[in-house]
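S.K.: Here you go, run_10.cif (mmCIF, C-alpha atoms and all ligand atoms):
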```cif
data_query
#
loop_
_atom_site.label_atom_id
_atom_site.label_comp_id
_atom_site.auth_asym_id
_atom_site.auth_seq_id
_atom_site.Cartn_x
_atom_site.Cartn_y
_atom_site.Cartn_z
CA MET A 1 2.32 204.80 140.03
CA ASP A 2 3.23 207.87 142.10
CA SER A 3 1.51 206.85 145.31
CA PRO A 4 3.65 206.12 148.40
CA GLY A 5 2.43 202.49 148.21
CA ALA A 6 3.83 202.05 144.72
CA ARG A 7 7.16 203.56 145.77
CA ILE A 8 7.41 201.14 148.68
CA VAL A 9 6.68 198.23 146.35
CA VAL A 10 9.43 199.37 143.98
CA PHE A 11 11.83 199.81 146.90
CA VAL A 12 11.08 196.31 148.23
CA CYS A 13 11.55 194.84 144.74
CA VAL A 14 14.93 196.51 144.39
CA MET A 15 15.99 195.24 147.81
CA VAL A 16 14.89 191.70 146.93
CA ALA A 17 16.78 191.92 143.65
CA LEU A 18 19.94 193.08 145.44
CA PHE A 19 19.71 190.24 147.95
CA GLY A 20 19.05 187.87 145.05
CA VAL A 21 22.31 188.92 143.41
CA ALA A 22 24.19 188.79 146.72
CA PHE A 23 23.12 185.22 147.44
CA SER A 24 23.14 183.76 143.93
CA ALA A 25 25.93 181.71 142.43
CA GLN A 26 29.00 183.43 141.05
CA SER A 27 27.98 185.17 137.89
CA CYS A 28 29.54 184.72 134.48
CA ASN A 29 31.28 188.06 135.00
CA VAL A 30 32.96 186.81 138.17
CA LEU A 31 33.97 183.56 136.51
CA LEU A 32 35.23 185.22 133.32
CA THR A 33 37.33 187.76 135.22
CA SER A 34 38.83 185.17 137.59
CA ASN A 35 42.49 184.33 137.13
CA ARG A 36 41.55 181.00 135.58
CA GLN A 37 41.28 182.59 132.14
CA PHE A 38 37.91 181.19 131.09
CA THR A 39 36.99 182.34 127.61
CA ALA A 40 33.27 181.49 127.46
CA CYS A 41 30.37 181.27 129.89
CA GLN A 42 26.75 180.17 129.80
CA THR A 43 24.06 181.05 132.33
CA ILE A 44 21.39 178.48 133.13
CA PRO A 45 18.52 180.86 133.85
CA GLU A 46 16.22 178.28 135.48
CA VAL A 47 18.52 178.03 138.50
CA GLY A 48 20.82 181.01 138.05
CA ALA A 49 23.82 178.73 137.66
CA ASN A 50 26.78 179.42 135.38
CA LEU A 51 29.13 177.23 133.40
CA ALA A 52 32.41 178.79 132.26
CA TRP A 53 35.09 177.07 130.20
CA ARG A 54 38.29 177.48 128.26
CA ILE A 55 39.51 175.22 125.48
CA ARG A 56 43.28 175.08 125.86
CA ASN A 57 45.18 176.20 122.80
CA ASP A 58 47.92 173.62 123.23
CA SER A 59 48.49 169.95 122.46
CA SER A 60 46.83 168.78 125.69
CA ASN A 61 43.32 168.54 124.23
CA ALA A 62 41.99 169.70 127.58
CA ILE A 63 39.07 171.92 128.57
CA ASP A 64 38.96 173.79 131.88
CA PHE A 65 35.53 174.16 133.46
CA ALA A 66 33.90 175.99 136.30
CA TYR A 67 30.29 175.31 137.25
CA SER A 68 28.78 177.57 139.84
CA GLY A 69 25.36 176.89 141.34
CA THR A 70 23.28 177.41 144.47
CA ALA A 71 22.09 174.42 146.52
CA PRO A 72 18.63 174.48 148.16
CA SER A 73 20.46 174.81 151.50
CA ALA A 74 24.00 174.96 152.87
CA SER A 75 23.79 171.21 153.68
CA GLY A 76 22.73 170.39 150.12
CA TRP A 77 24.73 169.68 146.98
CA VAL A 78 25.44 171.13 143.56
CA GLY A 79 26.34 168.87 140.68
CA TRP A 80 27.32 169.11 137.08
CA GLY A 81 28.14 166.43 134.55
CA ILE A 82 28.53 165.37 130.99
CA ASN A 83 26.56 162.59 129.39
CA PRO A 84 28.65 161.03 126.59
CA ALA A 85 25.87 158.48 126.05
CA GLY A 86 23.34 161.09 124.90
CA ALA A 87 20.52 163.03 126.50
CA GLY A 88 19.10 162.25 129.90
CA MET A 89 20.28 161.47 133.35
CA VAL A 90 21.39 157.86 132.93
CA GLY A 91 25.01 157.62 131.79
CA THR A 92 25.96 161.04 133.13
CA GLN A 93 29.50 161.40 134.45
CA ALA A 94 28.96 163.86 137.24
CA LEU A 95 31.02 165.98 139.60
CA ILE A 96 29.15 166.85 142.78
CA ALA A 97 30.26 169.33 145.43
CA PHE A 98 29.09 169.79 149.00
CA GLN A 99 30.30 170.80 152.43
CA SER A 100 31.73 167.86 154.41
CA THR A 101 32.90 167.89 158.01
CA THR A 102 36.41 168.66 156.75
CA GLY A 103 35.42 171.42 154.33
CA ALA A 104 34.36 171.74 150.71
CA VAL A 105 34.66 168.50 148.74
CA VAL A 106 33.89 167.35 145.22
CA TYR A 107 33.60 163.71 144.16
CA GLN A 108 32.96 161.85 140.92
CA TYR A 109 29.57 160.16 140.51
CA PRO A 110 28.59 157.80 137.67
CA VAL A 111 24.80 158.06 137.26
CA THR A 112 23.66 154.55 136.31
CA GLY A 113 20.26 153.14 135.44
CA ALA A 114 20.12 151.63 138.94
CA VAL A 115 20.40 155.12 140.41
CA LYS A 116 17.41 156.29 138.42
CA GLY A 117 15.63 153.15 139.64
CA GLY A 118 16.14 154.29 143.23
CA GLN A 119 19.63 153.15 144.28
CA SER A 120 21.63 155.81 146.13
CA LEU A 121 24.11 157.86 144.16
CA ILE A 122 27.59 157.25 145.59
CA PRO A 123 31.08 158.17 144.31
CA GLY A 124 32.67 155.88 141.72
CA ASP A 125 34.92 155.77 138.68
CA LEU A 126 34.01 157.81 135.62
CA THR A 127 34.57 156.98 131.97
CA LEU A 128 35.62 160.60 131.39
CA ASN A 129 39.06 161.78 132.48
CA PHE A 130 38.57 164.75 134.82
CA THR A 131 41.70 166.07 136.53
CA ASP A 132 42.52 168.99 138.86
CA THR A 133 39.03 168.87 140.33
CA SER A 134 38.29 171.16 143.26
CA ALA A 135 35.37 172.93 144.87
CA VAL A 136 34.73 176.21 146.62
CA VAL A 137 31.73 176.25 148.94
CA SER A 138 30.37 179.38 150.55
CA GLY A 139 27.09 178.66 152.27
CA ALA A 140 24.73 177.23 149.69
CA GLU A 141 26.78 178.67 146.85
CA MET A 142 29.08 176.05 145.38
CA THR A 143 31.56 176.20 142.50
CA ILE A 144 33.19 173.15 140.91
CA PHE A 145 36.47 173.53 139.01
CA SER A 146 37.78 170.75 136.82
CA THR A 147 39.74 169.95 133.69
CA LEU A 148 38.37 167.49 131.17
CA ASN A 149 41.10 165.69 129.23
CA LEU A 150 39.74 164.72 125.86
CA LYS A 151 41.13 161.99 123.69
CA ALA A 152 42.04 162.94 120.14
CA GLY A 153 38.93 163.16 118.00
CA ASP A 154 36.48 163.54 120.94
CA SER A 155 33.49 165.72 120.21
CA ILE A 156 33.69 169.30 121.31
CA SER A 157 29.90 169.52 121.48
CA MET A 158 28.36 167.86 124.50
CA GLN A 159 25.26 167.22 126.56
CA TYR A 160 25.73 168.54 130.01
CA VAL A 161 23.50 167.78 132.93
CA TRP A 162 23.14 169.85 136.05
CA GLY A 163 21.32 169.41 139.28
CA GLN A 164 21.13 170.30 142.91
CA GLY A 165 19.63 168.69 145.96
CA ARG A 166 18.84 169.07 149.59
CA THR A 167 20.65 166.20 151.30
CA VAL A 168 24.03 164.46 151.50
CA ASP A 169 24.77 161.38 153.60
CA LEU A 170 28.23 162.24 154.91
CA THR A 171 28.91 158.64 156.04
CA ASN A 172 29.21 157.38 152.45
CA ASN A 173 28.99 160.66 150.50
CA ALA A 174 25.71 159.50 148.93
CA VAL A 175 23.76 162.46 147.58
CA GLY A 176 19.99 162.58 147.89
CA PRO A 177 17.77 163.05 144.84
CA HIS A 178 17.65 166.43 143.14
CA SER A 179 14.83 168.24 144.78
CA ILE A 180 11.45 167.05 143.61
CA PRO A 181 9.11 168.59 142.62
CA ILE A 182 10.80 171.94 142.11
CA SER A 183 11.07 172.25 138.36
CA GLY A 184 14.33 173.25 136.76
CA ASP A 185 16.39 171.46 139.38
CA ALA A 186 17.90 169.07 136.92
CA ALA A 187 18.01 169.22 133.18
CA VAL A 188 20.07 168.69 130.10
CA THR A 189 21.61 171.33 127.92
CA ASN A 190 23.42 170.85 124.68
CA ILE A 191 26.42 173.09 124.24
CA ASP A 192 28.84 173.66 121.41
CA LEU A 193 32.05 174.54 123.19
CA LEU A 194 33.59 176.21 120.13
CA THR A 195 30.72 178.59 119.42
CA ALA A 196 29.36 178.66 123.00
CA GLN A 197 25.88 178.06 121.60
CA ALA A 198 23.68 176.29 124.09
CA SER A 199 20.25 174.77 123.65
CA THR A 200 17.96 172.93 125.99
CA VAL A 201 17.54 169.28 125.12
CA GLU A 202 14.22 167.56 125.31
CA LEU A 203 14.58 164.51 127.54
CA PRO A 204 13.99 161.20 125.78
CA ASN A 205 10.36 160.07 125.48
CA GLN A 206 9.24 163.19 127.30
CA LYS A 207 6.12 163.65 125.13
CA LEU A 208 5.13 160.03 125.61
CA LYS A 209 5.64 160.36 129.37
CA ASN A 210 3.56 163.55 129.49
CA ASN A 211 0.73 161.93 127.52
CA HIS A 212 0.83 158.83 129.70
CA GLY A 213 0.68 161.01 132.81
CA LEU A 214 -2.10 163.26 131.60
CA ILE A 215 -4.37 160.50 130.26
CA SER A 216 -3.77 158.43 133.42
CA ALA A 217 -4.63 161.35 135.65
CA VAL A 218 -7.90 162.04 133.81
CA SER A 219 -9.00 158.41 133.37
CA TRP A 220 -7.83 156.63 136.51
CA GLY A 221 -7.44 159.68 138.68
CA LEU A 222 -10.66 161.58 137.89
CA LEU A 223 -13.27 159.56 135.97
CA MET A 224 -12.88 156.39 138.06
CA PRO A 225 -13.42 158.06 141.46
CA LEU A 226 -16.28 160.16 140.04
CA GLY A 227 -17.95 156.95 138.88
CA VAL A 228 -17.52 155.36 142.29
CA MET A 229 -18.99 158.48 143.91
CA ALA A 230 -21.92 158.39 141.48
CA ALA A 231 -22.70 154.83 142.55
CA ARG A 232 -22.33 155.44 146.26
CA TYR A 233 -24.05 158.81 146.57
CA LEU A 234 -26.58 158.98 143.74
CA ARG A 235 -28.03 155.55 144.49
CA PRO A 236 -29.36 156.26 147.98
CA ILE A 237 -30.86 159.58 146.97
CA SER A 238 -32.32 158.46 143.65
CA GLY A 239 -34.62 155.86 145.21
CA SER A 240 -35.62 153.28 142.64
CA ASN A 241 -34.43 155.38 139.70
CA PRO A 242 -31.61 153.52 137.90
CA ALA A 243 -30.03 156.80 136.68
CA TRP A 244 -27.18 156.32 139.16
CA PHE A 245 -26.39 153.02 137.50
CA TYR A 246 -26.04 154.49 134.02
CA THR A 247 -23.99 157.40 135.39
CA HIS A 248 -21.75 154.91 137.16
CA ILE A 249 -21.35 152.78 134.02
CA ALA A 250 -20.70 155.83 131.83
CA PHE A 251 -17.89 157.14 134.07
CA GLN A 252 -16.37 153.73 134.67
CA CYS A 253 -16.42 152.65 131.02
CA THR A 254 -14.98 155.94 129.71
CA GLY A 255 -12.39 155.84 132.49
CA TYR A 256 -11.53 152.25 131.69
CA VAL A 257 -11.15 152.78 127.92
CA LEU A 258 -8.93 155.86 128.42
CA GLY A 259 -7.15 154.04 131.23
CA VAL A 260 -6.26 151.20 128.90
CA VAL A 261 -4.85 153.73 126.42
CA SER A 262 -2.63 155.26 129.13
CA TRP A 263 -1.68 151.76 130.27
CA ALA A 264 -0.58 150.90 126.72
CA LEU A 265 1.54 154.09 126.66
CA GLY A 266 3.02 152.99 129.98
CA LEU A 267 3.92 149.60 128.51
CA LYS A 268 5.53 151.34 125.54
CA LEU A 269 7.57 153.55 127.89
CA HIS A 270 8.62 150.46 129.78
CA ASN A 271 9.94 148.93 126.56
CA LEU A 272 11.72 152.15 125.54
CA ASN A 273 13.19 152.68 128.98
CA GLU A 274 16.57 154.32 128.66
CA GLY A 275 19.57 152.69 130.34
CA GLY A 276 17.53 149.83 131.76
CA ALA A 277 16.19 151.88 134.66
CA VAL A 278 12.88 150.34 135.63
CA PRO A 279 10.55 152.08 138.06
CA TYR A 280 9.29 148.71 139.35
CA LYS A 281 6.91 150.08 141.95
CA HIS A 282 5.05 152.33 139.51
CA ARG A 283 4.93 149.55 136.93
CA ASN A 284 3.70 146.85 139.32
CA ILE A 285 1.01 149.04 140.86
CA GLY A 286 -0.04 150.02 137.31
CA ILE A 287 -0.39 146.37 136.30
CA SER A 288 -2.43 145.67 139.45
CA ILE A 289 -4.75 148.60 138.72
CA PHE A 290 -5.30 147.40 135.16
CA ALA A 291 -5.98 143.83 136.35
CA LEU A 292 -8.42 144.89 139.08
CA ALA A 293 -10.24 147.32 136.77
CA THR A 294 -10.58 144.62 134.12
CA LEU A 295 -11.95 142.28 136.78
CA GLN A 296 -14.53 144.91 137.73
CA VAL A 297 -15.67 145.27 134.12
CA LEU A 298 -15.98 141.48 133.78
CA ALA A 299 -17.76 141.24 137.14
CA LEU A 300 -20.32 143.71 135.86
CA LEU A 301 -21.29 141.28 133.11
CA LEU A 302 -21.47 138.40 135.58
CA ARG A 303 -23.44 140.17 138.31
CA PRO A 304 -26.38 138.20 139.72
CA LYS A 305 -29.92 139.58 139.41
CA PRO A 306 -30.79 142.18 142.10
CA ASP A 307 -32.95 139.70 144.02
CA ALA A 308 -30.59 136.73 143.60
CA LYS A 309 -29.31 135.05 146.73
CA TYR A 310 -25.65 135.74 145.92
CA ARG A 311 -26.08 139.37 144.96
CA LYS A 312 -25.16 140.45 148.50
CA TYR A 313 -21.76 138.73 148.23
CA TRP A 314 -21.23 140.07 144.75
CA ASN A 315 -21.88 143.59 146.09
CA ILE A 316 -19.34 143.16 148.90
CA TYR A 317 -16.77 141.85 146.42
CA HIS A 318 -17.47 144.61 143.88
CA HIS A 319 -17.20 147.38 146.47
CA THR A 320 -14.03 146.01 148.10
CA VAL A 321 -12.18 145.65 144.80
CA GLY A 322 -13.45 149.06 143.70
CA TYR A 323 -12.19 150.93 146.75
CA ALA A 324 -8.87 149.02 146.74
CA THR A 325 -8.39 150.04 143.11
CA ILE A 326 -9.03 153.72 143.92
CA ILE A 327 -6.42 153.61 146.71
CA LEU A 328 -3.87 152.01 144.36
CA ILE A 329 -4.66 154.66 141.73
CA ILE A 330 -3.96 157.51 144.14
CA ILE A 331 -0.67 155.90 145.27
CA ASN A 332 0.40 155.32 141.67
CA ILE A 333 -0.39 158.85 140.52
CA PHE A 334 1.95 160.17 143.23
CA GLU A 335 4.55 157.58 142.17
CA GLY A 336 4.15 158.77 138.59
CA LEU A 337 4.47 162.44 139.59
CA ASP A 338 7.71 161.51 141.37
CA LEU A 339 9.05 159.89 138.21
CA LEU A 340 7.86 162.55 135.78
CA GLN A 341 8.81 165.51 137.95
CA PRO A 342 6.47 167.92 136.22
CA GLU A 343 6.19 171.56 137.20
CA ASP A 344 4.79 172.16 140.67
CA LYS A 345 1.41 173.24 139.35
CA TRP A 346 0.57 169.73 138.12
CA THR A 347 1.11 168.13 141.52
CA THR A 348 -0.79 170.99 143.13
CA ALA A 349 -3.66 170.55 140.66
CA TYR A 350 -3.88 166.85 141.46
CA VAL A 351 -3.84 167.48 145.21
CA ILE A 352 -6.63 170.05 144.77
CA VAL A 353 -8.70 167.56 142.74
CA LEU A 354 -8.20 164.97 145.50
CA CYS A 355 -9.24 167.44 148.17
CA VAL A 356 -12.37 168.49 146.23
CA LEU A 357 -13.40 164.86 145.63
CA GLY A 358 -12.66 164.05 149.28
CA GLY A 359 -14.65 167.06 150.48
CA ILE A 360 -17.67 166.20 148.34
CA SER A 361 -17.47 162.59 149.58
CA LEU A 362 -17.39 163.71 153.19
CA ILE A 363 -20.47 165.91 152.74
CA MET A 364 -22.31 163.15 150.88
CA GLU A 365 -21.42 160.58 153.57
CA ILE A 366 -23.04 162.84 156.15
CA VAL A 367 -26.09 163.30 153.92
CA ILE A 368 -26.69 159.61 153.26
CA TRP A 369 -26.05 158.59 156.87
CA THR A 370 -28.51 161.22 158.06
CA LEU A 371 -31.06 159.90 155.57
CA TRP A 372 -30.40 156.38 156.77
CA VAL A 373 -30.88 157.25 160.43
CA LYS A 374 -34.14 159.12 159.58
CA GLN A 375 -35.41 156.18 157.57
CA ARG A 376 -34.59 153.75 160.37
CA THR A 377 -36.37 155.85 162.94
CA LYS A 378 -39.40 156.02 160.64
CA ASN A 379 -39.34 152.26 160.08
CA ASN A 380 -39.10 151.59 163.79
CA LYS A 381 -42.16 153.78 164.32
CA ASP A 382 -44.00 152.00 161.53
CA GLY A 383 -42.91 148.72 163.11
CA MET A 384 -44.67 149.64 166.34
CA HIS A 385 -47.85 149.97 164.31
CA GLY A 386 -47.41 146.49 163.01
CA SER A 387 -46.07 147.12 159.53
CA GLN A 388 -43.07 145.26 158.12
CA MET A 389 -39.50 146.54 158.65
CA LYS A 390 -38.48 145.59 155.17
CA GLY A 391 -36.97 148.94 154.27
CA THR A 392 -34.40 148.98 157.08
CA GLY A 393 -31.09 150.31 155.90
CA SER A 394 -32.34 150.92 152.40
CA TYR A 395 -31.03 154.48 152.44
CA ARG A 396 -27.59 153.22 153.12
CA THR A 397 -27.35 150.37 150.65
CA GLY A 398 -30.00 151.60 148.27
CA GLN A 399 -32.47 149.52 146.33
CA ASP A 400 -30.98 147.33 143.68
CA VAL A 401 -33.05 147.77 140.58
CA VAL A 402 -30.33 146.81 138.12
C1 LIG A 501 43.96 161.77 132.12
O1 LIG A 501 44.55 162.94 131.58
C2 LIG A 501 45.82 163.23 132.13
C3 LIG A 501 46.27 164.57 131.56
O2 LIG A 501 46.25 164.55 130.16
C4 LIG A 501 46.78 162.10 131.79
O3 LIG A 501 48.06 162.37 132.36
C5 LIG A 501 46.23 160.78 132.36
O4 LIG A 501 47.04 159.72 131.94
C6 LIG A 501 44.81 160.57 131.85
N1 LIG A 501 44.25 159.42 132.55
C7 LIG A 501 43.66 158.43 131.91
C8 LIG A 501 43.13 157.32 132.76
O5 LIG A 501 43.52 158.42 130.71
#
```
Turn the structure described in the file into structure tokens.
Ligand SMILES: *[C@@H]1O[C@H](CO)[C@@H](O)[C@H](O)[C@H]1NC(C)=O
M.R.:
Amino acid sequence: MDSPGARIVVFVCVMVALFGVAFSAQSCNVLLTSNRQFTACQTIPEVGANLAWRIRNDSSNAIDFAYSGTAPSASGWVGWGINPAGAGMVGTQALIAFQSTTGAVVYQYPVTGAVKGGQSLIPGDLTLNFTDTSAVVSGAEMTIFSTLNLKAGDSISMQYVWGQGRTVDLTNNAVGPHSIPISGDAAVTNIDLLTAQASTVELPNQKLKNNHGLISAVSWGLLMPLGVMAARYLRPISGSNPAWFYTHIAFQCTGYVLGVVSWALGLKLHNLNEGGAVPYKHRNIGISIFALATLQVLALLLRPKPDAKYRKYWNIYHHTVGYATIILIIINIFEGLDLLQPEDKWTTAYVIVLCVLGGISLIMEIVIWTLWVKQRTKNNKDGMHGSQMKGTGSYRTGQDVV
């Protein structure tokens, strides 16, 4: 640890830490020592944001707040809100600050189910009574000040929601989505304002969503394409051996059974959907995938004998539907990742799996096309010696033995 290299590393780390402090949101210390007389403060470690507050000791039933966070960029936004309806994003009464052409602004944003479904988030009336709202913006660092006027008997414990994003449309003050897929960019925390005890709240149906995502990724996203690859690449190189067929069936059937399980979880999520927000695109593509996959399983049972006249058309149909399904699966997994917003590593893992499968496919395409060209050349030579050209193209389409 005493080498010059180690000392440089330590020095760089200290410098980075100093810059980190310099550019991060106003700390709890800054907020607590400001002249606004906040009495409590909570740090949100995931994003280095801070929420300070003071419950007024008078008859006004009011709570003063300051939320200080750092946007992804100076043209981004920082938002904070309370969800009186419970956990989650839908129902949140939010205050969002950003830099407009005229300076720092903060507006009120009701987060409805339609917003979660894709509608843009624009300013509107809130059910909560916030007064004296203002914002201080310094680069990407933004602090929202506000007073919440409670009605007698209102709970002093609350779910608060925070977020930050990259874009604001200054023509209508619509804020873009909180940055996906950076984790920790939006979440819910439960806080007891009297004791200042905070705890992270699990979003509704999160376990169900995770299971749906994981099983879908393995079944539709991995087993299905592997099965397709088994059929396309093992068949030409296995000659008349039907092993490719059983490999294909094994992957496709396991994938289908697990896929139906994940589909059922998806249907359940659809029924439980909070606030009526329906991710239509993801749902409709999911239904199409299920329908097409079911069709493929049924088509398997109805396939003509290998030497039947119609087998050629059945093959074309089976391959077209198969490839279309794979494309829909890839689109829908990205749609699902957008909805679920898992940690970065999950999206990265899926992209890596796609690249590996794509790379193997590319190599195998080259292999089977080379085999096909060789076979054709051989057949042409044989043809000159008077033998039949029956095998033409067999390396590409393979021999149907099943
Ligand atoms: C909001 O609170 C303020 C301060 O207590 C009060 O004057 C005002 O009437 C309240 N507004 C509504 C709509 O309740």
S.K.: Please identify every polymer residue within 7 Å of ligand LIG 501 (chain A), using all atoms listed in the file, and present the set as a PyMOL selection string.
M.R.: chain A and resi 60+129-131+149
S.K.: Could you write those residues out with C-alpha atoms, as a PDB file, keeping the file's coordinate frame?
M.R.:
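Saved file selection-v5.pdb follows:
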```pdb
ATOM      1  CA  SER A  60      46.830 168.780 125.690  1.00  0.00           C
ATOM      2  CA  ASN A 129      39.060 161.780 132.480  1.00  0.00           C
ATOM      3  CA  PHE A 130      38.570 164.750 134.820  1.00  0.00           C
ATOM      4  CA  THR A 131      41.700 166.070 136.530  1.00  0.00           C
ATOM      5  CA  ASN A 149      41.100 165.690 129.230  1.00  0.00           C
TER       6      ASN A 149
END
```
S.K.: For a test of reading the model, state the distance in Å between atom CA of A:Arg283 and atom CA of A:Ile330, rounded to one decimal.
M.R.: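 Spanning atom CA of A:Arg283 to atom CA of A:Ile330 is a straight-line distance of 13.9 Å.
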S.K.: Using Å and a single decimal, report how far atom CA of A:Ala71 sits from atom CA of A:Thr127.
M.R.: 25.9 Å
S.K.: What does the structure give for the distance between atom CA of A:Gly91 and atom CA of A:Val175, in Å to one decimal?
M.R.: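 Distance between the two atoms: 16.6 Å.
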S.K.: Taking 4 positions as the minimum chain separation for residues in the same chain, which residues sit within 9 Å of stretch 349-357 of chain A when counting only C-alpha atoms? Answer as a count of residues only.
M.R.: 12
S.K.: Would you pick out the contacts of A:Asn284 at 12 Å or less, using all atoms listed in the file, so that residues sharing its chain but fewer than 2 positions from it are not included, and give the list as a list of chain:residue names?
M.R.: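 Result of the neighbour search: A:Trp263, A:Gly266, A:Leu267, A:His270, A:Val278, A:Pro279, A:Tyr280, A:Lys281, A:His282, A:Gly286, A:Ile287, A:Ser288, A:Ile289, A:Phe290, A:Ala291, A:Leu328, A:Ile329, A:Ile331, A:Asn332, A:Glu335, A:Gly336.
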S.K.: Atoms to include: C-alpha atoms. Write the selected residues as an mmCIF file, keeping the file's coordinate frame.
M.R.:
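Listing of part_21.cif after writing:
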```cif
data_model
loop_
_atom_site.group_PDB
_atom_site.id
_atom_site.type_symbol
_atom_site.label_atom_id
_atom_site.label_comp_id
_atom_site.auth_asym_id
_atom_site.auth_seq_id
_atom_site.Cartn_x
_atom_site.Cartn_y
_atom_site.Cartn_z
ATOM 1 C CA TRP A 263 -1.680 151.760 130.270
ATOM 2 C CA GLY A 266 3.020 152.990 129.980
ATOM 3 C CA LEU A 267 3.920 149.600 128.510
ATOM 4 C CA HIS A 270 8.620 150.460 129.780
ATOM 5 C CA VAL A 278 12.880 150.340 135.630
ATOM 6 C CA PRO A 279 10.550 152.080 138.060
ATOM 7 C CA TYR A 280 9.290 148.710 139.350
ATOM 8 C CA LYS A 281 6.910 150.080 141.950
ATOM 9 C CA HIS A 282 5.050 152.330 139.510
ATOM 10 C CA GLY A 286 -0.040 150.020 137.310
ATOM 11 C CA ILE A 287 -0.390 146.370 136.300
ATOM 12 C CA SER A 288 -2.430 145.670 139.450
ATOM 13 C CA ILE A 289 -4.750 148.600 138.720
ATOM 14 C CA PHE A 290 -5.300 147.400 135.160
ATOM 15 C CA ALA A 291 -5.980 143.830 136.350
ATOM 16 C CA LEU A 328 -3.870 152.010 144.360
ATOM 17 C CA ILE A 329 -4.660 154.660 141.730
ATOM 18 C CA ILE A 331 -0.670 155.900 145.270
ATOM 19 C CA ASN A 332 0.400 155.320 141.670
ATOM 20 C CA GLU A 335 4.550 157.580 142.170
ATOM 21 C CA GLY A 336 4.150 158.770 138.590
#
```
S.K.: Skip stretch 105-118 of chain A itself and residues of its chain fewer than 2 positions away, then list as a JSON list (two decimals) with C-alpha atoms, in the frame of the given file all residues within 7 Å of it, counting all atoms listed in the file.
M.R.:
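What ended up in around.json:
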```
[["chain", "number", "residue", "atom", "x", "y", "z"],
["A", 89, "MET", "CA", 20.28, 161.47, 133.35],
["A", 90, "VAL", "CA", 21.39, 157.86, 132.93],
["A", 91, "GLY", "CA", 25.01, 157.62, 131.79],
["A", 92, "THR", "CA", 25.96, 161.04, 133.13],
["A", 93, "GLN", "CA", 29.50, 161.40, 134.45],
["A", 94, "ALA", "CA", 28.96, 163.86, 137.24],
["A", 95, "LEU", "CA", 31.02, 165.98, 139.60],
["A", 96, "ILE", "CA", 29.15, 166.85, 142.78],
["A", 97, "ALA", "CA", 30.26, 169.33, 145.43],
["A", 98, "PHE", "CA", 29.09, 169.79, 149.00],
["A", 99, "GLN", "CA", 30.30, 170.80, 152.43],
["A", 100, "SER", "CA", 31.73, 167.86, 154.41],
["A", 103, "GLY", "CA", 35.42, 171.42, 154.33],
["A", 120, "SER", "CA", 21.63, 155.81, 146.13],
["A", 121, "LEU", "CA", 24.11, 157.86, 144.16],
["A", 122, "ILE", "CA", 27.59, 157.25, 145.59],
["A", 123, "PRO", "CA", 31.08, 158.17, 144.31],
["A", 124, "GLY", "CA", 32.67, 155.88, 141.72],
["A", 125, "ASP", "CA", 34.92, 155.77, 138.68],
["A", 126, "LEU", "CA", 34.01, 157.81, 135.62],
["A", 134, "SER", "CA", 38.29, 171.16, 143.26],
["A", 135, "ALA", "CA", 35.37, 172.93, 144.87],
["A", 275, "GLY", "CA", 19.57, 152.69, 130.34],
["A", 276, "GLY", "CA", 17.53, 149.83, 131.76],
["A", 277, "ALA", "CA", 16.19, 151.88, 134.66],
["A", 278, "VAL", "CA", 12.88, 150.34, 135.63],
["A", 279, "PRO", "CA", 10.55, 152.08, 138.06]]
```
S.K.: Please fill the gaps in stretch 301-307 of chain A so it has N, CA, C and O atoms, and write that as an mmCIF file, in the frame of the given file.
M.R.:
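Contents of the output file out_24.cif:
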```cif
data_model
loop_
_atom_site.group_PDB
_atom_site.id
_atom_site.type_symbol
_atom_site.label_atom_id
_atom_site.label_comp_id
_atom_site.auth_asym_id
_atom_site.auth_seq_id
_atom_site.Cartn_x
_atom_site.Cartn_y
_atom_site.Cartn_z
ATOM 1 N N LEU A 301 -20.545 142.146 134.031
ATOM 2 C CA LEU A 301 -21.290 141.280 133.110
ATOM 3 C C LEU A 301 -21.809 140.036 133.827
ATOM 4 O O LEU A 301 -22.789 139.442 133.410
ATOM 5 N N LEU A 302 -21.110 139.644 134.904
ATOM 6 C CA LEU A 302 -21.470 138.400 135.580
ATOM 7 C C LEU A 302 -22.316 138.637 136.829
ATOM 8 O O LEU A 302 -22.517 137.734 137.625
ATOM 9 N N ARG A 303 -22.765 139.904 137.041
ATOM 10 C CA ARG A 303 -23.440 140.170 138.310
ATOM 11 C C ARG A 303 -24.788 139.454 138.370
ATOM 12 O O ARG A 303 -25.532 139.413 137.381
ATOM 13 N N PRO A 304 -25.106 138.890 139.566
ATOM 14 C CA PRO A 304 -26.380 138.200 139.720
ATOM 15 C C PRO A 304 -27.528 139.204 139.663
ATOM 16 O O PRO A 304 -27.318 140.398 139.849
ATOM 17 N N LYS A 305 -28.728 138.717 139.426
ATOM 18 C CA LYS A 305 -29.920 139.580 139.410
ATOM 19 C C LYS A 305 -30.068 140.243 140.792
ATOM 20 O O LYS A 305 -29.638 139.679 141.796
ATOM 21 N N PRO A 306 -30.694 141.445 140.827
ATOM 22 C CA PRO A 306 -30.790 142.180 142.100
ATOM 23 C C PRO A 306 -31.371 141.347 143.233
ATOM 24 O O PRO A 306 -30.965 141.502 144.374
ATOM 25 N N ASP A 307 -32.318 140.449 142.928
ATOM 26 C CA ASP A 307 -32.950 139.700 144.020
ATOM 27 C C ASP A 307 -32.322 138.323 144.214
ATOM 28 O O ASP A 307 -32.802 137.523 145.009
#
```
